[in-house]
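The structure file protein_14.txt is reproduced below (compact mmCIF, C-alpha atoms and all ligand atoms).
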# COMPACT_ATOMS: atom_id res chain seq x y z
CA MET A 86 -3.64 32.45 -14.16
CA GLN A 87 -2.72 29.87 -11.62
CA SER A 88 -0.05 31.06 -9.31
CA ASN A 89 0.56 29.48 -5.99
CA SER A 90 4.24 28.99 -6.49
CA TRP A 91 6.45 30.32 -3.72
CA VAL A 92 8.06 32.59 -6.26
CA PRO A 93 5.72 35.35 -7.45
CA LEU A 94 5.02 35.40 -11.20
CA PHE A 95 6.21 31.83 -11.61
CA PRO A 96 3.75 29.21 -12.86
CA GLU A 97 2.52 26.58 -10.46
CA GLN A 98 4.95 23.83 -9.49
CA ALA A 99 3.34 20.60 -10.62
CA SER A 100 6.10 18.14 -11.43
CA THR A 101 9.06 16.56 -9.72
CA PHE A 102 11.35 18.86 -11.75
CA ALA A 103 9.62 22.08 -10.84
CA TRP A 104 11.29 22.90 -7.53
CA GLN A 105 14.73 22.02 -8.91
CA VAL A 106 14.35 24.34 -11.88
CA ASP A 107 12.95 27.07 -9.66
CA TYR A 108 15.80 26.82 -7.18
CA LEU A 109 18.35 27.02 -9.96
CA TYR A 110 16.58 29.96 -11.54
CA PHE A 111 16.25 31.68 -8.21
CA TYR A 112 19.95 31.14 -7.60
CA LEU A 113 20.74 32.73 -10.98
CA ILE A 114 18.64 35.75 -10.09
CA LEU A 115 20.32 35.96 -6.71
CA VAL A 116 23.79 35.85 -8.25
CA SER A 117 22.85 38.51 -10.78
CA VAL A 118 21.50 40.79 -8.06
CA ALA A 119 24.49 40.14 -5.79
CA PHE A 120 26.86 41.27 -8.52
CA SER A 121 24.80 44.09 -9.98
CA ILE A 122 24.08 46.04 -6.81
CA PRO A 123 27.69 46.38 -5.55
CA ILE A 124 28.84 47.31 -9.05
CA VAL A 125 26.28 50.10 -9.35
CA LEU A 126 27.05 51.32 -5.83
CA ALA A 127 30.79 51.29 -6.55
CA ILE A 128 30.25 53.30 -9.72
CA PHE A 129 28.53 56.06 -7.76
CA TYR A 130 31.02 55.93 -4.90
CA PHE A 131 34.06 56.23 -7.17
CA PHE A 132 32.26 58.81 -9.21
CA VAL A 133 32.19 61.06 -6.18
CA LYS A 134 35.42 60.02 -4.47
CA TYR A 135 37.69 60.29 -7.49
CA ARG A 136 36.13 63.29 -9.13
CA GLU A 137 38.56 65.86 -10.48
CA LYS A 138 39.69 68.07 -7.60
CA GLU A 139 42.70 69.67 -9.17
CA LYS A 140 43.58 70.15 -12.85
CA TYR A 141 46.14 67.68 -14.38
CA ALA A 142 46.75 65.77 -11.12
CA THR A 143 48.97 62.65 -11.35
CA PRO A 144 47.43 59.65 -9.60
CA ASP A 145 49.42 57.18 -7.49
CA GLU A 146 50.54 54.11 -9.38
CA ILE A 147 49.07 50.75 -8.39
CA HIS A 148 51.22 47.61 -8.63
CA GLY A 149 48.58 44.92 -8.26
CA SER A 150 47.33 42.83 -5.36
CA ILE A 151 47.59 39.06 -5.19
CA VAL A 152 44.85 38.86 -2.57
CA LEU A 153 42.44 40.93 -4.61
CA GLU A 154 43.12 39.11 -7.86
CA THR A 155 42.86 35.67 -6.29
CA THR A 156 39.58 36.61 -4.64
CA TRP A 157 37.99 37.91 -7.80
CA SER A 158 39.06 34.78 -9.63
CA ILE A 159 38.00 32.20 -7.07
CA ILE A 160 34.57 33.60 -6.20
CA PRO A 161 33.31 33.78 -9.80
CA PHE A 162 34.81 30.35 -10.43
CA VAL A 163 32.86 28.83 -7.56
CA VAL A 164 29.71 30.67 -8.57
CA SER A 165 29.89 29.59 -12.21
CA MET A 166 30.69 26.00 -11.29
CA THR A 167 27.70 25.76 -8.94
CA ILE A 168 25.50 27.09 -11.74
CA PHE A 169 26.97 24.51 -14.08
CA LEU A 170 26.55 21.71 -11.57
CA GLY A 171 22.94 22.63 -10.80
CA GLY A 172 22.12 22.85 -14.50
CA ALA A 173 23.86 19.57 -15.26
CA ILE A 174 22.01 17.69 -12.51
CA ILE A 175 18.64 19.00 -13.68
CA TYR A 176 19.46 18.27 -17.29
CA TYR A 177 20.56 14.76 -16.40
CA ASN A 178 17.31 14.13 -14.50
CA GLN A 179 15.20 15.34 -17.37
CA ALA A 180 17.16 13.75 -20.19
CA ARG A 181 17.28 10.25 -18.73
CA ILE A 182 13.99 8.46 -19.34
CA PRO A 183 13.13 6.22 -16.39
CA ALA A 184 12.83 2.56 -17.33
CA GLU A 185 9.40 2.17 -15.83
CA ASN A 186 7.16 4.60 -17.63
CA MET A 187 3.79 5.10 -19.21
CA GLU A 188 4.26 5.87 -22.86
CA ILE A 189 2.17 8.37 -24.81
CA TYR A 190 2.67 9.09 -28.49
CA VAL A 191 2.70 12.69 -29.65
CA VAL A 192 2.47 14.01 -33.19
CA GLY A 193 2.73 17.75 -33.79
CA LYS A 194 1.06 19.31 -36.78
CA GLN A 195 0.42 22.87 -37.88
CA TRP A 196 -1.29 23.82 -35.58
CA MET A 197 -2.32 21.19 -33.13
CA TRP A 198 -1.01 18.54 -30.78
CA LYS A 199 -2.19 14.98 -31.31
CA PHE A 200 -1.78 12.51 -28.49
CA GLN A 201 -2.41 8.79 -28.36
CA HIS A 202 -2.38 6.61 -25.29
CA GLY A 203 -1.15 3.03 -25.18
CA THR A 204 -4.73 1.89 -24.83
CA GLY A 205 -5.74 3.65 -28.02
CA GLN A 206 -7.42 6.84 -26.79
CA ARG A 207 -6.67 9.83 -28.94
CA GLU A 208 -6.72 13.44 -27.87
CA ILE A 209 -6.14 16.73 -29.62
CA ASN A 210 -4.71 19.69 -27.71
CA GLU A 211 -5.59 17.96 -24.47
CA LEU A 212 -3.53 15.47 -22.57
CA HIS A 213 -4.80 13.48 -19.61
CA VAL A 214 -2.20 11.94 -17.36
CA PRO A 215 -2.31 10.32 -13.94
CA VAL A 216 -0.67 12.02 -10.96
CA ASN A 217 2.52 10.56 -9.45
CA ARG A 218 3.30 8.45 -12.49
CA LYS A 219 6.29 8.66 -14.78
CA VAL A 220 5.00 9.58 -18.20
CA LYS A 221 7.12 9.36 -21.31
CA LEU A 222 6.18 11.25 -24.44
CA MET A 223 7.47 9.82 -27.68
CA MET A 224 7.18 12.66 -30.11
CA THR A 225 7.46 13.55 -33.74
CA THR A 226 5.87 15.96 -36.20
CA GLU A 227 4.10 15.75 -39.52
CA ASP A 228 5.44 18.99 -40.86
CA VAL A 229 7.76 21.51 -39.24
CA LEU A 230 9.59 21.91 -35.94
CA HIS A 231 7.36 22.35 -32.93
CA ASP A 232 8.16 22.25 -29.24
CA VAL A 233 6.14 20.73 -26.42
CA TYR A 234 6.22 23.05 -23.45
CA ILE A 235 4.44 22.57 -20.13
CA PRO A 236 5.51 25.43 -17.87
CA ALA A 237 4.00 23.97 -14.70
CA PHE A 238 6.15 20.88 -15.20
CA ARG A 239 9.23 23.01 -16.05
CA THR A 240 9.95 20.91 -19.08
CA LYS A 241 10.02 21.31 -22.82
CA ALA A 242 11.43 19.54 -25.85
CA ASP A 243 11.52 20.06 -29.59
CA VAL A 244 9.63 17.76 -31.90
CA VAL A 245 11.64 17.34 -35.04
CA PRO A 246 10.54 16.30 -38.53
CA GLY A 247 11.91 12.90 -39.48
CA ARG A 248 12.89 11.69 -36.06
CA TYR A 249 11.65 10.82 -32.61
CA THR A 250 12.39 12.83 -29.54
CA THR A 251 11.38 12.04 -25.99
CA LEU A 252 10.42 13.88 -22.87
CA TRP A 253 9.31 12.65 -19.49
CA PHE A 254 7.72 14.05 -16.40
CA GLU A 255 6.01 13.01 -13.23
CA ALA A 256 3.13 15.27 -12.29
CA THR A 257 2.79 15.85 -8.58
CA LYS A 258 -0.50 17.67 -8.30
CA PRO A 259 -3.91 17.11 -9.92
CA GLY A 260 -5.04 20.09 -11.94
CA LYS A 261 -5.26 21.73 -15.30
CA TYR A 262 -2.06 23.13 -16.75
CA HIS A 263 -1.12 25.06 -19.86
CA LEU A 264 0.40 23.28 -22.81
CA TYR A 265 2.20 25.39 -25.40
CA CYS A 266 4.13 25.13 -28.60
CA ALA A 267 7.42 26.88 -27.89
CA GLU A 268 8.93 26.96 -31.36
CA TYR A 269 7.70 29.42 -33.95
CA CYS A 270 5.99 27.22 -36.51
CA GLY A 271 3.94 29.49 -38.71
CA LEU A 272 0.89 31.68 -38.75
CA ASN A 273 -1.04 30.12 -35.90
CA HIS A 274 1.91 29.16 -33.71
CA SER A 275 0.52 31.17 -30.81
CA GLY A 276 -2.73 29.23 -31.01
CA MET A 277 -1.03 25.85 -30.94
CA GLY A 278 -1.57 24.77 -27.39
CA GLY A 279 -4.02 23.35 -24.96
CA TRP A 280 -4.24 21.81 -21.55
CA VAL A 281 -2.70 19.01 -19.59
CA TYR A 282 -5.10 17.43 -17.13
CA VAL A 283 -3.46 15.71 -14.20
CA MET A 284 -5.85 13.30 -12.49
CA PRO A 285 -5.72 10.90 -9.56
CA GLN A 286 -5.04 7.36 -10.77
CA ASP A 287 -8.60 6.07 -10.30
CA GLU A 288 -10.13 9.05 -12.11
CA PHE A 289 -7.60 8.60 -14.87
CA ASP A 290 -8.50 4.93 -15.19
CA ASN A 291 -12.16 5.92 -15.47
CA TRP A 292 -11.32 8.47 -18.10
CA LEU A 293 -9.25 5.94 -19.99
CA ALA A 294 -12.04 3.38 -19.84
CA GLY A 295 -14.57 5.83 -21.25
CA GLY A 296 -12.72 6.41 -24.48
CA GLY A 297 -14.68 4.11 -26.75
CA SER A 298 -13.23 1.32 -28.80
CA ASN A 299 -10.18 2.80 -30.43
CA GLN A 300 -7.52 0.49 -31.74
CA THR A 301 -4.46 0.62 -29.54
CA PRO A 302 -1.28 1.75 -31.32
CA VAL A 303 -0.11 -1.87 -31.19
CA GLU A 304 -3.34 -3.13 -32.75
CA ALA A 305 -3.32 -0.41 -35.38
CA GLY A 306 0.28 -1.26 -36.16
CA LYS A 307 -0.53 -4.95 -36.43
CA ASP A 308 -3.40 -4.17 -38.79
CA LEU A 309 -1.10 -2.11 -41.00
CA PHE A 310 1.59 -4.75 -40.82
CA THR A 311 -0.53 -7.75 -41.71
CA ASN A 312 -3.29 -6.24 -43.85
CA LYS A 313 -2.95 -2.73 -45.14
CA LEU A 314 0.75 -2.60 -45.97
CA GLY A 315 1.41 -6.29 -46.34
CA CYS A 316 4.66 -6.28 -44.36
CA ALA A 317 3.77 -9.71 -43.05
CA SER A 318 4.20 -11.32 -46.45
CA CYS A 319 7.96 -10.98 -46.04
CA HIS A 320 8.44 -10.48 -42.31
CA ALA A 321 6.15 -13.11 -40.81
CA GLY A 322 7.95 -16.20 -39.64
CA GLY A 323 8.03 -19.49 -41.48
CA ALA A 324 9.48 -20.78 -44.71
CA SER A 325 8.48 -17.76 -46.77
CA GLN A 326 10.39 -15.30 -44.58
CA ARG A 327 12.48 -13.11 -46.84
CA GLY A 328 12.66 -10.00 -44.67
CA ALA A 329 14.62 -9.59 -41.50
CA LYS A 330 13.32 -11.16 -38.32
CA LEU A 331 11.47 -8.64 -36.16
CA GLU A 332 10.57 -10.64 -33.07
CA GLY A 333 12.67 -9.80 -30.07
CA ILE A 334 14.91 -7.30 -31.85
CA PHE A 335 13.89 -4.15 -30.02
CA GLY A 336 16.71 -2.76 -27.93
CA THR A 337 19.25 -5.21 -29.31
CA ASP A 338 22.26 -4.55 -31.51
CA ILE A 339 21.70 -5.26 -35.19
CA LYS A 340 24.51 -6.15 -37.54
CA LEU A 341 24.18 -4.66 -41.01
CA THR A 342 25.60 -5.94 -44.31
CA ASN A 343 28.17 -3.17 -44.29
CA GLY A 344 29.53 -4.35 -40.97
CA GLN A 345 28.01 -1.50 -39.01
CA VAL A 346 26.24 -2.35 -35.77
CA VAL A 347 23.21 -0.28 -34.85
CA LYS A 348 20.82 -0.32 -31.94
CA ALA A 349 17.26 -1.33 -32.77
CA ASP A 350 15.43 1.61 -31.24
CA GLU A 351 12.39 3.57 -32.42
CA GLU A 352 14.50 5.61 -34.80
CA TYR A 353 15.97 2.50 -36.36
CA ILE A 354 12.56 0.94 -36.98
CA ARG A 355 11.27 4.16 -38.45
CA ASN A 356 14.24 4.53 -40.75
CA SER A 357 14.02 0.88 -41.82
CA ILE A 358 10.48 1.51 -43.01
CA LEU A 359 11.26 4.74 -44.84
CA ASN A 360 14.81 4.08 -46.08
CA PRO A 361 15.11 0.30 -46.04
CA SER A 362 18.15 0.10 -48.29
CA SER A 363 20.17 2.33 -45.98
CA GLN A 364 20.26 -0.35 -43.28
CA VAL A 365 20.17 -3.86 -44.67
CA VAL A 366 20.43 -6.46 -41.94
CA GLU A 367 23.28 -8.90 -42.38
CA GLY A 368 22.18 -12.01 -44.21
CA TYR A 369 19.30 -10.37 -46.08
CA GLN A 370 18.90 -8.94 -49.55
CA PRO A 371 18.10 -5.26 -50.06
CA ILE A 372 14.74 -6.07 -51.58
CA MET A 373 12.41 -4.11 -49.36
CA PRO A 374 10.69 -1.17 -51.08
CA THR A 375 10.50 2.15 -49.30
CA PHE A 376 7.25 3.16 -47.66
CA LYS A 377 8.10 6.83 -47.77
CA GLY A 378 5.01 8.83 -48.66
CA GLN A 379 2.72 5.87 -48.06
CA VAL A 380 2.52 6.03 -44.30
CA THR A 381 1.65 8.97 -42.09
CA GLU A 382 3.58 9.80 -38.94
CA GLU A 383 0.74 8.38 -36.88
CA GLN A 384 0.84 5.12 -38.82
CA LEU A 385 4.61 5.01 -38.36
CA VAL A 386 4.15 5.45 -34.64
CA ALA A 387 1.69 2.53 -34.68
CA LEU A 388 4.09 0.34 -36.66
CA VAL A 389 6.90 1.17 -34.27
CA ALA A 390 4.63 0.33 -31.32
CA TYR A 391 3.71 -2.99 -32.93
CA ILE A 392 7.28 -3.97 -33.68
CA LYS A 393 8.26 -3.02 -30.13
CA SER A 394 5.45 -5.26 -28.89
CA LEU A 395 7.05 -8.18 -30.71
CA SER A 396 9.86 -7.81 -28.22
CA GLY A 397 7.47 -7.92 -25.30
CA ASN A 398 7.35 -4.17 -25.00
CA THR A 399 3.82 -2.82 -25.02
CA GLY A 400 4.95 0.65 -24.02
CA ASN A 401 2.03 0.88 -21.68
CA THR A 402 2.46 0.16 -18.04
CA SER A 403 -0.60 2.16 -17.19
CA SER A 404 -3.09 -0.65 -17.20
CA THR A 405 -4.14 -1.39 -13.74
CA SER A 406 -6.69 -4.15 -13.35
CA THR A 407 -9.51 -1.69 -13.86
CA THR A 408 -8.49 -0.83 -17.38
CA PRO A 409 -10.63 -2.96 -19.66
CA THR A 410 -8.91 -2.13 -22.90
CA SER A 411 -5.56 -3.72 -22.23
CA THR A 412 -5.87 -6.22 -25.01
CA SER A 413 -2.57 -5.33 -26.52
CA SER A 414 -0.57 -8.04 -24.87
CA SER A 415 -2.93 -10.81 -25.83
CA SER A 416 -3.28 -9.66 -29.41
CA ASN A 417 0.20 -10.73 -30.26
CA SER A 418 0.49 -13.82 -28.18
CA THR A 419 1.14 -15.78 -31.36
CA MET A 420 4.40 -14.00 -31.75
CA THR A 421 7.42 -14.93 -29.76
CA ASN A 422 7.25 -12.64 -26.82
CA THR A 423 10.67 -13.67 -25.74
CA ALA A 424 13.13 -10.95 -25.50
CA ASN A 425 14.05 -8.11 -23.36
CA ARG A 426 12.07 -5.28 -21.95
CA ALA A 427 15.27 -3.76 -20.80
CA GLY A 428 16.09 -2.38 -24.20
CA ASN A 429 13.45 0.28 -23.89
CA THR A 430 15.26 2.47 -21.46
CA ASN A 431 17.47 4.70 -23.49
CA SER A 432 15.37 4.97 -26.57
CA GLY A 433 15.26 8.43 -28.02
CA LEU A 434 18.26 10.02 -26.46
CA SER A 435 21.27 8.05 -27.37
CA SER A 436 23.25 9.40 -30.22
CA ASN A 437 21.68 7.66 -33.09
CA PRO A 438 23.50 6.51 -36.17
CA ASN A 439 20.19 6.04 -37.93
CA ALA A 440 18.93 9.56 -37.60
CA PRO A 441 17.91 11.01 -40.94
CA GLY A 442 20.20 13.67 -42.21
CA ARG A 443 23.31 11.66 -41.70
CA SER A 444 24.29 9.98 -44.87
CA PRO A 445 24.15 6.27 -44.33
CA GLU A 446 27.11 4.11 -45.16
CA PRO A 447 26.75 2.70 -48.65
CA THR A 448 25.19 -0.71 -48.49
CA ASN A 449 26.67 -3.65 -50.22
CA ARG A 450 24.01 -4.54 -52.72
CA ASN A 451 25.84 -7.57 -54.05
CA ARG A 452 25.38 -9.70 -51.04
CU1 LIG B 501 3.95 24.54 -33.32
CU2 LIG B 501 4.78 26.65 -32.71
Exercise: express the given structure as structure tokens:
Amino acid sequence: MQSNSWVPLFPEQASTFAWQVDYLYFYLILVSVAFSIPIVLAIFYFFVKYREKEKYATPDEIHGSIVLETTWSIIPFVVSMTIFLGGAIIYYNQARIPAENMEIYVVGKQWMWKFQHGTGQREINELHVPVNRKVKLMMTTEDVLHDVYIPAFRTKADVVPGRYTTLWFEATKPGKYHLYCAEYCGLNHSGMGGWVYVMPQDEFDNWLAGGGSNQTPVEAGKDLFTNKLGCASCHAGGASQRGAKLEGIFGTDIKLTNGQVVKADEEYIRNSILNPSSQVVEGYQPIMPTFKGQVTEEQLVALVAYIKSLSGNTGNTSSTSTTPTSTSSSSNSTMTNTANRAGNTNSGLSSNPNAPGRSPEPTNRNR
């Protein structure tokens, strides 16, 4: 076991969050100890001091003490508020995905973790990331709830069937760190884990370059879109366009036929593929068939990546000049690469009206 943390028994500190979480945790321990020891000592002291010395004695009456009561209210108040504040700051840091990030797609499955990089490399139960870079995981699962947990990074997040969740970290130290599933998910839950390899940027670029000729998620998505699933027959531009426009929509607000306005994030794209009639874009007919059961989670991830790329968002800022496989941006140069990159920032976290499980507003099918 690796352990060169300054707190014994703690895992190594290998992300920008680690010291914050450790300080907070250490503070909690300190507070617990600071309250427990005096209480135990007082129990023994009173136990001796107020033992029965004479039968049926009448004790003196006590009429309260403002000083005492104020003190024992204010001190715990301050203590609990500092715990709250510390927790809130750390939560805020972890929950807010930085705008500039390197995106990696994660699909959980009983009982393995599947990762795919923006350049196409796939990994199972191993994740290679560069040091000192902000990495965003966009995660979902093929079957049941799982939970990505990297103790050395002091971060974890559930992966939930039917929706996307996100997690980010910035590793601070090259090395090999445990990856676990932290949500009981069946027989081999305890075996569902692996390693995160943190590498210096140049080594990472070498590793990335040596991955063979995988399709990038964007390319795979484009292939599905134009060939395998035939989405392009309705959604490609031109006179025959019957489906909603997809270029430049990512991160924008979309007006639906029922008057609702929703944000075009990953969840929205996913839901539009699986439950198209639940969110018909204003001005279009509800003619799109559902693709539920016809696409896997990994294909959905690819489609989402492709549709994001139509808004100029390749989800991969990793490519330095040494990365030879960064073809993703050129592969869709025929599309209008107009709109905003800015929309990518708050993707998975905002409260999402499109999340499955909420019953969608009835759509007006007569339009
Ligand atoms: Cu997957 Cu536990």
Please list as a ChimeraX atom specification every residue within 6 Å of Thr342 in chain A, counting all atoms listed in the file and excluding residues in the same chain fewer than 4 positions away. /A:365-367
Write out as number ranges by chain each polymer residue (protein, DNA or RNA) that has an atom no more than 12 Å from ligand LIG 501 (chain B), with only C-alpha atoms and all ligand atoms counted. A: 192-199, 210, 225-234, 242-246, 264-279
Find the spatial neighbours of Val116 in chain A, counting all atoms listed in the file, within a cut-off of 12 Å - ignore same-chain residues fewer than 2 positions away - and output them as a list in words.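 So, after excluding close chain neighbours, the residues are Leu109, Tyr110, Phe111, Tyr112, Leu113, Ile114, Val118, Ala119, Phe120, Ser121, Ile122, Pro123, Ile160, Pro161, Val163, Val164, Ser165, Thr167 and Ile168 of chain A.
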Could you give me, as an MDAnalysis selection string, the residues within 6 Å of Val216 in chain A, counting only C-alpha atoms and dropping anything in the same chain fewer than 4 positions from it? chainID A and resid 256:257 283:285
